[in-house]
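Working notes, beginning with the structure itself.
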Amino acid sequence: MKLLSMEAMRRLHQLRMIMQPHISSTIGMKRSYSVMSGAADDRTFLQTTFSEIDSNLMTTETHCANFIKYYTNLSQEKKGPFLCLIAQEFGIDKGNLLAVAKSVASTKNKDDPNLLPSADRLRMTLRPKHKTLFTHLSRVPGGVKFLVDLRADILNFKQSNISQIDSALFQELNSTLRELLLLWFTVGFLSLERITWNSPCDLVQKVSRYEAVHRIKTWFDIKQRVGPYRRCYIFTHNSMPREPVVVLHTALTKEISSSIQTIIQDPRLQPSFSPLIGDDKTQDPPEMESYKTAIKSSLPQSPPMSPDSTDPQAITLEQMPAVGEEQEDPSQIQCAIFYSITSTQKGLQGIEMGNYLIKAVVKRLQEEFPHLRQFSSLSPIPGFRDWLLTAVRHSISVRKVGEDPGVPVLLPDELSALEPYRKGDEESALETFRNLVSSHGWFSDVDITRVMVGPLMRLCAHYLYIQKRRGYALNPVANFHLSNGAVLWRINFLADTSHRGLMQSCTLMVNYRYFLDSTESNSRKYLEDHQITASPSVLNILNNPVKSKNS
């Protein structure tokens with residue numbers, strides 16, 4: 001009874017804005033779709049659709065097909081008011097809801113025989129009319145994909161500059177669709193499929209186009225990523241055939257990779273340089289010539305060309321090197337490295353499938369390679385550089401007004417090592433550090449790189465292990481893998497020397513190890529007790545920072 005009352009109160013609070021549209025007049029100049037009078041033809045169309053939605057099977061299917069066509073043909077400017085009209089006119093019967101809620105609230109004795117019927121009526125009144133329409137839409141061809149795209153539109157409108165009342169209306173639609181999609185996109189309705197160079201062309205192109213972590217630039221790139229010593233797996237939904245909903249790229253290697261360049265570039269063109277910092281085999285920064293070779297190898301050798309480009313100068317399939325013809329040596333496959341996982345549909349935001357895909361791929365790989373025991377990610381650290389610059393700027397501004405910044409960003413040894421590189425207009429070594437991070441000035445100078453490795457590694461370990469939001473890791477990628485039961489295992493310097501790697505995380509990447517016998521306990525400790533399981537090497541970086549060459 002208590003849980004039911006809490007749910008009823010939550011929904012009533014959510015609906016307050018919808019039931020009191022006059023509040024929108026206090027929101028200022030924000031755009032309000034709900035106060036626009038809906039087009040007469042929109043209102044008439046919706047009234048006809050909802051009045052006959054449950055009449056019979058043929059009529060229902062016809063109305064659903066008409067609804068999909070009608071909405072698809074609306075301009076982007078008209079879709080917002082149309083969706084608000086659905087939420088406002090065909091949502092929950094507010095008058096009936098208040099009456100039933102009062103009836104339930106007036107029941108004081110939990111043994112009252114009227115309690116269960118009243119509670120059941122409350123559940124029914126909390127079901128909006130548009131939920132019935134969405135349920136019917138899922139049963140027509142293309143209906144599920146339409147609803148996924150519809151939720152993407154709703155999320156886009158919700159994130160735009162709209163009034164408070166409109167935000168509540170879009171949230172009502174979003175909640176309804178999310179509830180349905182959570183049921184439909186469970187692992188039992190998902191199919192695991194491996195993508196190879198011989199897969200249907202449209203699937204290969206979609207995998208290429210959807211890649212969000214490490215951009216696929218050419219046909220050669222995609223052929224390599226589905227070729228020998230690589231595995232690409234997707235989840236598809238039975239109602240969305242030939243449409244990947246999650247994509248996982250995996251590299252099969254002899255050792256746990258510490259650099260993305262050794263994975264996404266042709267291994268035959270790679271230098272032997274492999275920076276490992278923060279591992280049990282902690283090293284000094286790399287040798288100078290190897291470092292320069294690594295930087296040069298990260299630069300594009302020719303203009304990138306998209307796999308679906310129509311440029312007549314683009315490389316043809318016949319001209320490409322025969323990457324896919326190499327035979328795999330199982331003895332060289334000791335590790336599986338998950339280096340890219342992408343959710344392809346914005347409309348499925350918040351619907352967890354990546355965890356299930358990793359588990360399914362681990363099982364499939366162990367069937368193919370029974371000796372395989374080491375599983376790890378090689379993950380980007382989006383947001384680290386932004387967080388670092390914010391912390392540094394705050395510390396500088398606080399010091400300038402004579403206040404104590406609290407815990408210093410840089411340690412005394414780190415500041416001393418930066419002193420020789422201070423410029424005339426920089427009042428402190430901390431400002432030097434800020435400018436180097438902001439401009440990437442350290443990256444092209446070997447000596448400064450040796451000085452920067454220590455503070456960057458330490459601060460990255462602090463960001464991943466210490467910085468939290470509501471008890472969970474602040475970094476979204478860390479939160480994903482830690483929730484799955486992975487271990488924060490190793491931080492890698494100069495791991496992504498691309499422009500994106502510099503902008504996101506100052507070239508740093510991280511390995512999250514999946515120890516299969518402890519993933520469940522690690523996940524439980526993280527989700528229930530907010531405890532992050534980290535390797536000794538990561539904890540050692542926090543307690544004993546990497547010393548720079550000049551310190």
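Labels used: A, B, ... for chains in the order of the structure tokens, numbers from 1 for residues in each chain, and numbers from 1 for ligands as shown.
Taking only C-alpha atoms, the non-local environment of Thr344 (chain A) within 6 Å (same-chain residues fewer than 2 positions away omitted) comprises Tyr210, Val245, Val246 and Thr342 of chain A.
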Output file for the residues above (C-alpha atoms, as a compact mmCIF listing (two decimals), in the first residue's frame):
```txt
# COMPACT_ATOMS: atom_id res chain seq x y z
CA TYR A 210 27.16 4.27 -36.40
CA VAL A 245 20.95 -1.43 -31.92
CA VAL A 246 24.31 -1.97 -30.16
CA THR A 342 28.14 2.05 -29.42
```
Practice item. Tell me, in Å to one decimal, how far CA of Leu137 (chain A) is from CA of Ser239 (chain A). Key: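 Value for the CA of Leu137 (chain A)-CA of Ser239 (chain A) distance: 11.8 Å.
Using only C-alpha atoms, the smallest distance between any of A:Ser483, A:Ser416, A:Asn156, A:Ser199 and Lys346 (chain A) comes from A:Asn156.
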Tell me, as a PDB file with C-alpha atoms, in the first residue's frame, which residues lie within 12 Å of region 140-151 of chain A, counting only C-alpha atoms; anything in the same chain fewer than 6 positions away does not count.
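This went into result_7.pdb:
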```pdb
ATOM      1  CA  LEU A  57      -8.076  -5.572 -35.698  1.00  0.00           C
ATOM      2  CA  MET A  58      -8.344  -4.297 -39.274  1.00  0.00           C
ATOM      3  CA  THR A  60      -6.706  -0.650 -35.590  1.00  0.00           C
ATOM      4  CA  GLU A  61      -3.985  -1.611 -38.071  1.00  0.00           C
ATOM      5  CA  THR A  62      -5.279   0.935 -40.575  1.00  0.00           C
ATOM      6  CA  HIS A  63      -5.297   3.717 -37.978  1.00  0.00           C
ATOM      7  CA  CYS A  64      -1.769   2.775 -36.857  1.00  0.00           C
ATOM      8  CA  ALA A  65      -0.461   2.833 -40.429  1.00  0.00           C
ATOM      9  CA  ASN A  66      -2.184   6.179 -41.001  1.00  0.00           C
ATOM     10  CA  PHE A  67      -0.690   7.572 -37.778  1.00  0.00           C
ATOM     11  CA  ILE A  68       2.847   6.596 -38.802  1.00  0.00           C
ATOM     12  CA  LYS A  69       2.386   8.154 -42.237  1.00  0.00           C
ATOM     13  CA  TYR A  71       3.510  11.935 -38.261  1.00  0.00           C
ATOM     14  CA  THR A  72       6.327  11.130 -40.677  1.00  0.00           C
ATOM     15  CA  GLN A  76       9.956  19.303 -37.776  1.00  0.00           C
ATOM     16  CA  LYS A  79       5.956  17.715 -34.718  1.00  0.00           C
ATOM     17  CA  GLY A  80       6.464  19.465 -31.361  1.00  0.00           C
ATOM     18  CA  PHE A  82       1.502  17.590 -32.413  1.00  0.00           C
ATOM     19  CA  LEU A  83       3.239  15.592 -29.667  1.00  0.00           C
ATOM     20  CA  LYS A 131       0.015   4.123 -24.209  1.00  0.00           C
ATOM     21  CA  LEU A 133      -1.887   3.705 -29.198  1.00  0.00           C
ATOM     22  CA  PHE A 134       1.846   3.063 -28.771  1.00  0.00           C
ATOM     23  CA  PHE A 157      12.341  18.444 -28.036  1.00  0.00           C
ATOM     24  CA  LYS A 158      12.686  17.926 -24.277  1.00  0.00           C
ATOM     25  CA  PHE A 170       7.256  15.606 -23.305  1.00  0.00           C
ATOM     26  CA  GLN A 171       8.365  13.842 -20.128  1.00  0.00           C
ATOM     27  CA  GLU A 172       4.956  12.157 -19.895  1.00  0.00           C
ATOM     28  CA  LEU A 173       5.353  10.788 -23.424  1.00  0.00           C
ATOM     29  CA  ASN A 174       8.964   9.850 -22.746  1.00  0.00           C
ATOM     30  CA  SER A 175       8.054   7.926 -19.594  1.00  0.00           C
ATOM     31  CA  THR A 176       5.376   5.964 -21.430  1.00  0.00           C
ATOM     32  CA  LEU A 177       7.666   5.024 -24.318  1.00  0.00           C
ATOM     33  CA  ARG A 178      10.612   4.198 -22.067  1.00  0.00           C
ATOM     34  CA  GLU A 179       8.429   1.861 -20.012  1.00  0.00           C
ATOM     35  CA  LEU A 180       7.339   0.011 -23.160  1.00  0.00           C
ATOM     36  CA  LEU A 181      10.805  -0.108 -24.729  1.00  0.00           C
ATOM     37  CA  LEU A 182      12.276  -1.517 -21.515  1.00  0.00           C
ATOM     38  CA  LEU A 183       9.902  -4.462 -21.899  1.00  0.00           C
ATOM     39  CA  TRP A 184      10.472  -4.948 -25.627  1.00  0.00           C
ATOM     40  CA  PHE A 185      14.280  -4.633 -25.633  1.00  0.00           C
ATOM     41  CA  THR A 236      19.442  -6.711 -33.490  1.00  0.00           C
ATOM     42  CA  HIS A 237      15.781  -6.766 -32.493  1.00  0.00           C
ATOM     43  CA  ASN A 238      13.279  -9.146 -34.021  1.00  0.00           C
ATOM     44  CA  SER A 239      11.059  -6.203 -34.950  1.00  0.00           C
ATOM     45  CA  MET A 240      13.989  -4.213 -36.389  1.00  0.00           C
ATOM     46  CA  PRO A 241      15.791  -6.658 -38.703  1.00  0.00           C
ATOM     47  CA  ARG A 242      19.013  -5.499 -40.358  1.00  0.00           C
ATOM     48  CA  GLU A 243      19.202  -2.604 -37.894  1.00  0.00           C
ATOM     49  CA  PRO A 244      22.036  -2.800 -35.302  1.00  0.00           C
ATOM     50  CA  VAL A 245      20.950  -1.432 -31.924  1.00  0.00           C
ATOM     51  CA  THR A 344      23.115   3.325 -32.258  1.00  0.00           C
ATOM     52  CA  GLN A 345      19.593   4.553 -31.483  1.00  0.00           C
ATOM     53  CA  LYS A 346      19.014   7.732 -29.477  1.00  0.00           C
ATOM     54  CA  GLY A 347      15.464   6.552 -28.878  1.00  0.00           C
ATOM     55  CA  LEU A 348      16.891   3.667 -26.816  1.00  0.00           C
ATOM     56  CA  GLN A 349      18.790   6.001 -24.485  1.00  0.00           C
ATOM     57  CA  GLY A 350      18.616   4.634 -20.948  1.00  0.00           C
ATOM     58  CA  ILE A 351      17.726   1.117 -22.151  1.00  0.00           C
TER      59      ILE A 351
END
```
